[in-house]
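A.B. asks: Below is the structure I would like to discuss, written out as structure tokens.
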Amino acid sequence: LVDEAHRIGLQGACFTEHSGPWDHSEFRRFSGEHHDLLLVPAMEVETDMGHITVFGLDAYVPGIRNPKELRRVADEVGAYLVLAHPFRNLFHKPPYNNNLLFRDANHQPKTVNEAVGHPVFELIDAIEVANGANIDEENIFAWEVAKSLKKPMVGGSDAHSINGLGKCVTTFLEPITSPEEFLAALHGGEFYPATGLHIGNIQPFPSHAG
């Protein structure tokens with residue numbers, strides 16, 4: 001990952017491991033070996049209302065599968081919650097996997113107005129609108145929902161190997177040198193989603209948004 005990040009010009013990477021971050025001492029050792037690349041420990045929590053990436057929470061806390069409890073815990077420690085790939089599989093038909101927000105394939109939103117009423121949007125800080133493992137239709141729909149809700153938007157590779165790293169990213173307006181500065185920039189809203197870094201053609205997402 002570090003080698004590929006350097007190759008494509010990525011300046012930082014978040015390790016959003018499922019259900020819990022890396023061991024603290026192991027992560028400090030690893031990140032210390034690569035001080036020229038900002039590495040941020042985080043986690044992706046599988047909640048009853050989809051997957052939520054959590055920045056600023058040091059360990060998994062029992063009960064946070066409930067998104068309301070996750071919101072409470074996040075507020076206690078100043079963590080930041082991003083709803084990950086919210087509309088993945090929404091446009092697929094059974095027998096494909098169902099969408100995690102609208103699990104009943106017979107009652108899924110067909111318009112932005114139908115989607116924005118989901119209660120999870122009241123519990124998160126930002127929405128991942130550019131996900132490297134999603135199809136374009138899913139990402140555009142997420143962008144339209146986030147725009148309607150006036151929610152901050154991020155991009156993420158969702159890379160489980162070096163393949164796809166940098167396909168979707170979050171671009172920050174000011175340089176960031178530590179996980180603490182990263183978390184502060186999230187809370188400050190100083191970022192936007194972008195695509196194309198991995199092919200040397202980075203641009204805001206979607207391109208027509210400017």
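By convention here, the chains of the structure tokens are called A, B, ... in the order presented, each chain's residues are numbered starting at 1, and ligands are numbered starting at 1 in the order presented.
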If you count only C-alpha atoms, which residues fall within 6 Å of range 28-45 of chain A, apart from same-chain ones fewer than 4 positions away, as a CSV table (one decimal) with all heavy atoms, in the first residue's frame?
C.D. replies:
```
chain,number,residue,atom,x,y,z
A,11,GLN,N,-1.0,11.2,-0.6
A,11,GLN,CA,-0.2,11.8,0.5
A,11,GLN,C,-0.7,11.2,1.8
A,11,GLN,O,0.0,11.5,2.9
A,11,GLN,CB,-0.4,13.3,0.5
A,11,GLN,CG,0.2,14.0,-0.7
A,11,GLN,CD,-0.1,15.5,-0.8
A,11,GLN,OE1,-1.2,15.9,-0.5
A,11,GLN,NE2,0.9,16.2,-1.2
A,12,GLY,N,-1.7,10.5,1.9
A,12,GLY,CA,-2.2,9.9,3.1
A,12,GLY,C,-3.1,8.8,2.9
A,12,GLY,O,-3.7,8.7,1.8
A,13,ALA,N,-3.3,7.9,3.8
A,13,ALA,CA,-4.3,6.8,3.7
A,13,ALA,C,-4.9,6.5,5.1
A,13,ALA,O,-4.2,6.5,6.1
A,13,ALA,CB,-3.6,5.6,3.1
A,14,CYS,N,-6.2,6.1,5.0
A,14,CYS,CA,-6.9,5.7,6.2
A,14,CYS,C,-7.1,4.2,6.2
A,14,CYS,O,-7.5,3.7,5.2
A,14,CYS,CB,-8.3,6.4,6.3
A,14,CYS,SG,-8.2,8.2,6.4
A,15,PHE,N,-6.7,3.6,7.3
A,15,PHE,CA,-6.9,2.2,7.5
A,15,PHE,C,-8.3,1.9,8.2
A,15,PHE,O,-8.3,1.9,9.4
A,15,PHE,CB,-5.8,1.6,8.3
A,15,PHE,CG,-4.5,1.5,7.5
A,15,PHE,CD1,-3.7,2.6,7.3
A,15,PHE,CD2,-4.0,0.3,7.1
A,15,PHE,CE1,-2.5,2.6,6.6
A,15,PHE,CE2,-2.8,0.2,6.4
A,15,PHE,CZ,-2.1,1.3,6.1
A,16,THR,N,-9.3,1.9,7.5
A,16,THR,CA,-10.7,1.7,8.1
A,16,THR,C,-11.0,0.3,8.2
A,16,THR,O,-11.9,-0.3,7.5
A,16,THR,CB,-11.7,2.5,7.2
A,16,THR,OG1,-11.6,2.0,5.9
A,16,THR,CG2,-11.5,4.0,7.3
A,17,GLU,N,-10.4,-0.4,9.1
A,17,GLU,CA,-10.6,-1.8,9.3
A,17,GLU,C,-12.0,-2.1,9.8
A,17,GLU,O,-12.5,-1.4,10.7
A,17,GLU,CB,-9.5,-2.4,10.3
A,17,GLU,CG,-8.1,-2.1,9.9
A,17,GLU,CD,-7.6,-2.9,8.6
A,17,GLU,OE1,-8.4,-3.7,8.1
A,17,GLU,OE2,-6.5,-2.8,8.3
A,18,HIS,N,-12.5,-3.2,9.4
A,18,HIS,CA,-13.9,-3.6,9.9
A,18,HIS,C,-13.8,-4.0,11.4
A,18,HIS,O,-12.9,-4.7,11.8
A,18,HIS,CB,-14.4,-4.8,9.1
A,18,HIS,CG,-15.0,-4.4,7.8
A,18,HIS,ND1,-16.4,-4.2,7.7
A,18,HIS,CD2,-14.5,-4.1,6.6
A,18,HIS,CE1,-16.6,-3.8,6.4
A,18,HIS,NE2,-15.5,-3.8,5.8
A,19,SER,N,-14.7,-3.4,12.2
A,19,SER,CA,-15.0,-3.8,13.6
A,19,SER,C,-13.9,-3.4,14.6
A,19,SER,O,-14.0,-3.7,15.8
A,19,SER,CB,-15.2,-5.3,13.7
A,19,SER,OG,-16.4,-5.6,12.9
A,20,GLY,N,-12.9,-2.7,14.2
A,20,GLY,CA,-11.9,-2.3,15.1
A,20,GLY,C,-10.6,-1.8,14.5
A,20,GLY,O,-10.2,-2.4,13.4
A,21,PRO,N,-9.9,-0.8,15.1
A,21,PRO,CA,-8.6,-0.3,14.5
A,21,PRO,C,-7.5,-1.3,14.8
A,21,PRO,O,-7.6,-2.2,15.6
A,21,PRO,CB,-8.4,1.0,15.2
A,21,PRO,CG,-9.1,0.8,16.5
A,21,PRO,CD,-10.3,-0.1,16.3
A,51,HIS,N,-22.9,0.5,6.8
A,51,HIS,CA,-21.5,0.6,7.3
A,51,HIS,C,-21.2,2.0,7.5
A,51,HIS,O,-21.4,2.9,6.7
A,51,HIS,CB,-20.6,0.0,6.3
A,51,HIS,CG,-20.7,-1.5,6.1
A,51,HIS,ND1,-19.9,-2.2,5.2
A,51,HIS,CD2,-21.6,-2.4,6.7
A,51,HIS,CE1,-20.3,-3.5,5.3
A,51,HIS,NE2,-21.3,-3.6,6.2
A,52,ILE,N,-20.6,2.3,8.7
A,52,ILE,CA,-20.2,3.7,9.1
A,52,ILE,C,-18.7,3.7,9.4
A,52,ILE,O,-18.3,2.9,10.3
A,52,ILE,CB,-21.1,4.2,10.2
A,52,ILE,CG1,-22.6,4.3,9.8
A,52,ILE,CG2,-20.6,5.5,10.7
A,52,ILE,CD1,-23.5,4.7,11.0
A,53,THR,N,-18.0,4.5,8.7
A,53,THR,CA,-16.6,4.6,9.1
A,53,THR,C,-16.4,5.7,10.2
A,53,THR,O,-17.0,6.7,10.1
A,53,THR,CB,-15.7,5.0,7.8
A,53,THR,OG1,-16.4,6.1,7.2
A,53,THR,CG2,-15.6,3.8,6.9
A,54,VAL,N,-15.6,5.3,11.1
A,54,VAL,CA,-15.4,6.1,12.4
A,54,VAL,C,-14.0,6.6,12.5
A,54,VAL,O,-13.1,5.8,12.5
A,54,VAL,CB,-15.8,5.3,13.6
A,54,VAL,CG1,-15.8,6.2,14.8
A,54,VAL,CG2,-17.2,4.7,13.4
A,55,PHE,N,-13.8,7.9,12.6
A,55,PHE,CA,-12.5,8.5,12.8
A,55,PHE,C,-12.4,9.2,14.1
A,55,PHE,O,-13.3,10.0,14.5
A,55,PHE,CB,-12.2,9.5,11.7
A,55,PHE,CG,-12.4,8.9,10.3
A,55,PHE,CD1,-13.6,9.0,9.6
A,55,PHE,CD2,-11.3,8.3,9.7
A,55,PHE,CE1,-13.7,8.4,8.3
A,55,PHE,CE2,-11.5,7.7,8.4
A,55,PHE,CZ,-12.7,7.8,7.7
A,179,PRO,N,-2.8,12.5,12.4
A,179,PRO,CA,-4.2,12.1,12.6
A,179,PRO,C,-5.0,13.1,13.3
A,179,PRO,O,-6.2,13.2,13.0
A,179,PRO,CB,-4.0,10.8,13.4
A,179,PRO,CG,-2.7,10.3,13.0
A,179,PRO,CD,-1.8,11.5,12.9
```
A.B. asks: Mind checking DSSP for range 16-203 of chain A and telling me the strand (DSSP E) residues as a PyMOL selection string?
C.D. replies: chain A and resi 16-18+38-47+50-55+80-83+126-131+153-156+168-172+191-195+203
A.B. asks: Would you save the residues of that selection, restricted to C-alpha atoms, as a compact mmCIF listing (two decimals), in the first residue's frame?
C.D. replies:
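So part.txt came out as:
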```txt
# COMPACT_ATOMS: atom_id res chain seq x y z
CA THR A 16 -10.67 1.74 8.06
CA GLU A 17 -10.57 -1.83 9.31
CA HIS A 18 -13.85 -3.62 9.94
CA LEU A 38 0.22 10.19 6.66
CA LEU A 39 -1.41 7.01 7.96
CA VAL A 40 -4.64 7.29 9.96
CA PRO A 41 -6.12 4.42 12.02
CA ALA A 42 -9.90 4.15 11.89
CA MET A 43 -12.64 1.53 11.72
CA GLU A 44 -15.65 0.59 9.66
CA VAL A 45 -18.55 -0.40 11.89
CA GLU A 46 -21.23 -2.72 10.55
CA THR A 47 -24.34 -1.15 12.07
CA GLY A 50 -25.28 0.12 7.03
CA HIS A 51 -21.53 0.57 7.29
CA ILE A 52 -20.22 3.65 9.06
CA THR A 53 -16.56 4.62 9.07
CA VAL A 54 -15.43 6.13 12.36
CA PHE A 55 -12.47 8.48 12.77
CA TYR A 80 -16.42 11.77 13.14
CA LEU A 81 -18.90 9.47 11.40
CA VAL A 82 -19.08 8.88 7.66
CA LEU A 83 -21.79 6.76 6.06
CA ALA A 126 -20.75 13.08 6.23
CA ILE A 127 -21.60 10.78 3.33
CA GLU A 128 -19.18 8.86 1.15
CA VAL A 129 -20.34 9.78 -2.33
CA ALA A 130 -17.34 8.56 -4.35
CA ASN A 131 -16.52 4.94 -3.55
CA MET A 153 -19.10 14.57 1.13
CA VAL A 154 -16.01 12.37 1.02
CA GLY A 155 -14.39 9.94 -1.39
CA GLY A 156 -12.68 6.64 -0.61
CA CYS A 168 -11.65 7.80 -5.27
CA VAL A 169 -10.12 10.08 -2.65
CA THR A 170 -10.86 12.93 -0.29
CA THR A 171 -8.98 16.12 -1.07
CA PHE A 172 -8.22 18.50 1.80
CA PHE A 191 -12.44 18.76 2.06
CA TYR A 192 -14.22 17.47 -1.03
CA PRO A 193 -14.45 14.15 -2.92
CA ALA A 194 -12.36 13.55 -6.02
CA THR A 195 -11.57 10.81 -8.52
CA GLN A 203 -10.77 16.01 -10.50
```
A.B. asks: Quick one: of A:Val120, A:Leu101, A:Pro86, A:Thr111, who's nearest to Leu70 in chain A, counting only C-alpha atoms?
C.D. replies: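 Distance minimum relative to Leu70 in chain A lands on A:Val120.
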A.B. asks: Calculate how many Å separate CA of Asp58 in chain A from CA of Ala74 in chain A, rounding to one decimal.
C.D. replies: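 According to the coordinates, CA of Asp58 in chain A and CA of Ala74 in chain A are separated by 10.5 Å.
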A.B. asks: Contacts of Asn134 in chain A at 9 Å or less, counting only C-alpha atoms, minus same-chain residues fewer than 4 places along, as an mmCIF file with N, CA and C atoms, in the first residue's frame?
C.D. replies:
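Contents of out.cif, freshly written:
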```cif
data_model
loop_
_atom_site.group_PDB
_atom_site.id
_atom_site.type_symbol
_atom_site.label_atom_id
_atom_site.label_comp_id
_atom_site.auth_asym_id
_atom_site.auth_seq_id
_atom_site.Cartn_x
_atom_site.Cartn_y
_atom_site.Cartn_z
ATOM 1 N N HIS A 85 -20.406 3.977 1.403
ATOM 2 C CA HIS A 85 -21.098 3.379 0.243
ATOM 3 C C HIS A 85 -22.603 3.156 0.497
ATOM 4 N N PHE A 87 -25.421 3.486 -1.050
ATOM 5 C CA PHE A 87 -26.390 2.962 -2.026
ATOM 6 C C PHE A 87 -25.830 1.808 -2.864
ATOM 7 N N ARG A 88 -24.836 1.131 -2.300
ATOM 8 C CA ARG A 88 -24.307 -0.053 -2.984
ATOM 9 C C ARG A 88 -25.406 -1.102 -3.152
ATOM 10 N N ASN A 89 -25.510 -1.645 -4.346
ATOM 11 C CA ASN A 89 -26.498 -2.670 -4.708
ATOM 12 C C ASN A 89 -27.924 -2.150 -4.833
ATOM 13 N N ALA A 130 -18.213 9.126 -3.308
ATOM 14 C CA ALA A 130 -17.345 8.563 -4.348
ATOM 15 C C ALA A 130 -16.623 7.366 -3.746
ATOM 16 N N GLU A 138 -24.504 4.326 -8.465
ATOM 17 C CA GLU A 138 -24.613 4.348 -7.000
ATOM 18 C C GLU A 138 -23.941 5.586 -6.422
ATOM 19 N N ASN A 139 -22.774 5.940 -6.950
ATOM 20 C CA ASN A 139 -22.056 7.105 -6.449
ATOM 21 C C ASN A 139 -22.788 8.406 -6.771
ATOM 22 N N ASP A 158 -11.900 2.368 -0.965
ATOM 23 C CA ASP A 158 -12.468 1.078 -0.564
ATOM 24 C C ASP A 158 -11.624 -0.052 -1.148
#
```
A.B. asks: To one decimal place, how far is CA of Ile64 in chain A from CA of Asp48 in chain A in Å?
C.D. replies: 9.4 Å
A.B. asks: Hey, can you check how far CA of Ala185 in chain A sits from CA of Pro119 in chain A?
C.D. replies: 25.6 Å
A.B. asks: Near Asn98 in chain A, within 12 Å and counting only C-alpha atoms, which residues show up once chain neighbours fewer than 4 positions away are dropped, as JSON, numbers by chain?
C.D. replies: {"A": [50, 86, 87, 88, 89, 90, 91, 92, 93, 94, 102, 103, 104, 105, 106, 107, 108]}
A.B. asks: DSSP on the backbone: what in range 77-152 of chain A comes out alpha helix (DSSP H), as number ranges by chain?
C.D. replies: A: 77, 112-115, 136-149
A.B. asks: Tell me which of A:Glu144, A:Glu4, A:Glu137, A:Glu26 sits closest to Glu114 in chain A, counting only C-alpha atoms.
C.D. replies: A:Glu144
A.B. asks: Would you mind telling me which residue in A:Gly56, A:Pro109, A:Pro206, A:Gly164 lies nearest to Ala184 in chain A when using only C-alpha atoms?
C.D. replies: A:Gly56
A.B. asks: Which residue is closest to Leu149 in chain A? Choose from A:Gly78, A:Gly200, A:Gly63, A:Gly117 and count only C-alpha atoms.
C.D. replies: A:Gly117
